[in-house]
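Data block below; observations after.
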Amino acid sequence: MDNRNVRPEDMERITTPALAKAFIEDQIEYIKEQVGDKKVLLALSGGVDSSVVAAMLIKAIGDQLVCVHVNHGLLRKGEPEQVIKVFREELGANLIYVDAVDRFLDKLAGVTDPEEKRHIIGSEFIEVFAEEARKLDGIEFLAQGTIWPDILESEAGIKAHHNAGGLPEDLKFELVEPVRILFKDEVRIVGKELGLPDNMVYRQPFPGPGLGVRCPGAITRDRLEAVRESDAILREEFAKNGLEGKVWQYFTVVPDFKSTGVTDGKRTFNWPCIIRAINTTDVMEVTVEHLPAELIDHLVSRITTEVAGINRVLIDYTPKPPATVEYE
Ligand code: XMP
């Protein structure tokens, strides 16, 4: 095993642009050696790890990298557009964009069980990605955004490492894992050095099943849209008020029940929108961020007037434990 697969015990923590630059140069040389003139496939979600892997591989092997971005309809507002803008337009990536929104939402229609929803989203994702892979000729490698904590956790038996993304038997590729020996903070510094935008590199965590777990119960397109729009308002206001990058994770949830309200003297019967803003270091225990009262008032006003279907805003003040971060 090459020592690039295992983090050397004496490896200096990457904390500066100079250290990131040296790491990138070393990895690029290694990737070129490993891949030669063959093609590499990458599922590019727009998350930190896959984005940094894409940027690194574009630098190393250019259009021998084929990126596939699957839009499952559960992404945040503006995310698919940003992936296309940054990777296809600015970095010149060979990017296949798959609009699978209807496919996912049709499969999820009427499904209320949280675990079943997660399972459908995960397995449908692999199926869509495998279909795209089969259309391509000459792919020999699969790039993955595996990072060092994934390896440590899978060794400790905490979490199965999603090796090769669970692709079917006929699609067995050799792995390319250029950030495998890095910790998350190092991946961000490397990403910044590769020229990725701050809002991609310093993104808050976002679950694989996306907004699906923030639209509890059976997902409907209108309620999902209310989650997406309220999340966009929350992110905008956190950025404007200097909370972006300070609060660890913040999002909205639109539960599947309605309550009575009144607008312009007329009765309404609409959903509430729940705001959740939390801080943590290890995600095992989480505390709640206490937002300034003025900001809360402003959020209530914006969300109830700008988001269709919302007539109430609630704030979730529950730490973990007893609550988890996400609702499903
Ligand atoms: P919970 O809800 O378990 O969330 O307290 C802890 C952290 O993990 C994130 N999360 C996920 N991340 N895939 C992910 O990549 C998932 O399925 C998933 N579920 C939860 C959650 O956003 C929080 O930061």
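In the structure tokens, chains take the letters A, B, ... in the order shown, each chain's residues start at 1, and ligands count up from 1 in the order shown.
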(Q) Run DSSP on the backbone and tell me which residues of stretch 111-261 of chain A come out as strand (DSSP E or B); list them as JSON, numbers by chain. (A) {"A": [139, 140, 141, 142, 143, 174, 175, 176, 249, 250, 251, 252, 253, 259, 260, 261]}
Review point. Got a sec to check which residues lie within 6 Å of ligand 1, using only C-alpha atoms and all ligand atoms, and send them as a list in words?
Key: Pro205, Phe206, Pro207, Gly208, Pro209, Val283, Thr324, Val325 and Glu326 of chain A
Those same residues - C-alpha atoms - I'd like them written as an mmCIF file, in the first residue's frame.
```
data_model
loop_
_atom_site.group_PDB
_atom_site.id
_atom_site.type_symbol
_atom_site.label_atom_id
_atom_site.label_comp_id
_atom_site.auth_asym_id
_atom_site.auth_seq_id
_atom_site.Cartn_x
_atom_site.Cartn_y
_atom_site.Cartn_z
ATOM 1 C CA PRO A 205 -23.030 20.166 6.973
ATOM 2 C CA PHE A 206 -25.894 18.978 4.786
ATOM 3 C CA PRO A 207 -27.354 15.463 5.012
ATOM 4 C CA GLY A 208 -27.190 13.117 2.020
ATOM 5 C CA PRO A 209 -31.023 12.811 1.856
ATOM 6 C CA VAL A 283 -22.387 16.319 16.707
ATOM 7 C CA THR A 324 -31.323 14.779 17.146
ATOM 8 C CA VAL A 325 -30.239 17.574 14.824
ATOM 9 C CA GLU A 326 -32.404 16.489 11.910
#
```
* For A:Leu299, list every protein, DNA or RNA residue within 10 Å, evaluated using only C-alpha atoms, and leave out those in the same chain fewer than 6 positions away; present the list as a ChimeraX atom specification. => /A:230,233-234,237-238,275,293,305,313
With N, CA and C atoms retained, could you export that selection as a short mmCIF file (atom, residue, chain, number, x, y, z; two decimals), in the first residue's frame?
```cif
data_model
loop_
_atom_site.label_atom_id
_atom_site.label_comp_id
_atom_site.auth_asym_id
_atom_site.auth_seq_id
_atom_site.Cartn_x
_atom_site.Cartn_y
_atom_site.Cartn_z
N SER A 230 -37.79 28.85 2.66
CA SER A 230 -37.52 29.35 4.01
C SER A 230 -36.06 29.15 4.37
N ILE A 233 -34.09 31.96 2.84
CA ILE A 233 -34.24 33.21 3.61
C ILE A 233 -33.38 33.15 4.87
N LEU A 234 -33.43 32.02 5.56
CA LEU A 234 -32.65 31.87 6.80
C LEU A 234 -31.15 32.05 6.50
N GLU A 237 -30.33 35.71 5.78
CA GLU A 237 -30.35 36.56 6.98
C GLU A 237 -29.17 36.25 7.91
N PHE A 238 -28.78 34.98 7.99
CA PHE A 238 -27.61 34.64 8.81
C PHE A 238 -26.36 35.30 8.21
N ILE A 275 -37.59 26.88 12.85
CA ILE A 275 -36.19 27.27 12.67
C ILE A 275 -35.32 26.49 13.65
N ALA A 293 -33.45 38.79 19.38
CA ALA A 293 -34.91 38.95 19.21
C ALA A 293 -35.27 39.69 17.93
N THR A 305 -44.44 36.17 5.07
CA THR A 305 -44.94 36.92 3.91
C THR A 305 -44.39 36.40 2.58
N VAL A 313 -44.30 30.80 12.48
CA VAL A 313 -42.88 30.41 12.58
C VAL A 313 -42.60 30.00 14.02
#
```
(message) Need to verify the contact set: stretch 263-267 of chain A, 12 Å, only C-alpha atoms, exclusion of same-chain residues closer than 3 positions in sequence. Can you return it as a ChimeraX atom specification?
(response) /A:259-260,270,304-305,309-312
Generate a file of the selected residues that holds N, CA and C atoms, formatted as a short mmCIF file (atom, residue, chain, number, x, y, z; two decimals), in the first residue's frame.
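So part.cif came out as:
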```cif
data_model
loop_
_atom_site.label_atom_id
_atom_site.label_comp_id
_atom_site.auth_asym_id
_atom_site.auth_seq_id
_atom_site.Cartn_x
_atom_site.Cartn_y
_atom_site.Cartn_z
N SER A 259 -52.29 24.80 10.70
CA SER A 259 -53.01 25.48 11.77
C SER A 259 -53.71 26.71 11.19
N THR A 260 -54.65 27.22 11.95
CA THR A 260 -55.43 28.36 11.49
C THR A 260 -54.66 29.66 11.67
N ASN A 270 -52.61 26.89 7.12
CA ASN A 270 -51.31 26.64 6.50
C ASN A 270 -50.33 25.96 7.45
N THR A 304 -43.20 34.43 6.82
CA THR A 304 -44.66 34.36 6.69
C THR A 304 -45.18 35.16 5.49
N THR A 305 -44.44 36.17 5.07
CA THR A 305 -44.94 36.92 3.91
C THR A 305 -44.39 36.40 2.58
N GLY A 309 -47.64 29.17 1.73
CA GLY A 309 -48.10 28.04 2.54
C GLY A 309 -47.69 28.09 4.00
N ILE A 310 -47.01 29.16 4.43
CA ILE A 310 -46.57 29.26 5.83
C ILE A 310 -47.33 30.39 6.53
N ASN A 311 -47.94 30.09 7.69
CA ASN A 311 -48.61 31.16 8.43
C ASN A 311 -48.14 31.28 9.88
N ARG A 312 -47.06 30.56 10.21
CA ARG A 312 -46.57 30.56 11.60
C ARG A 312 -45.09 30.21 11.57
#
```
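Take the candidates A:Arg221, A:Arg302, A:Arg228, A:His69 and check each one against A:Glu81 using only C-alpha atoms; the shortest distance goes to A:His69.
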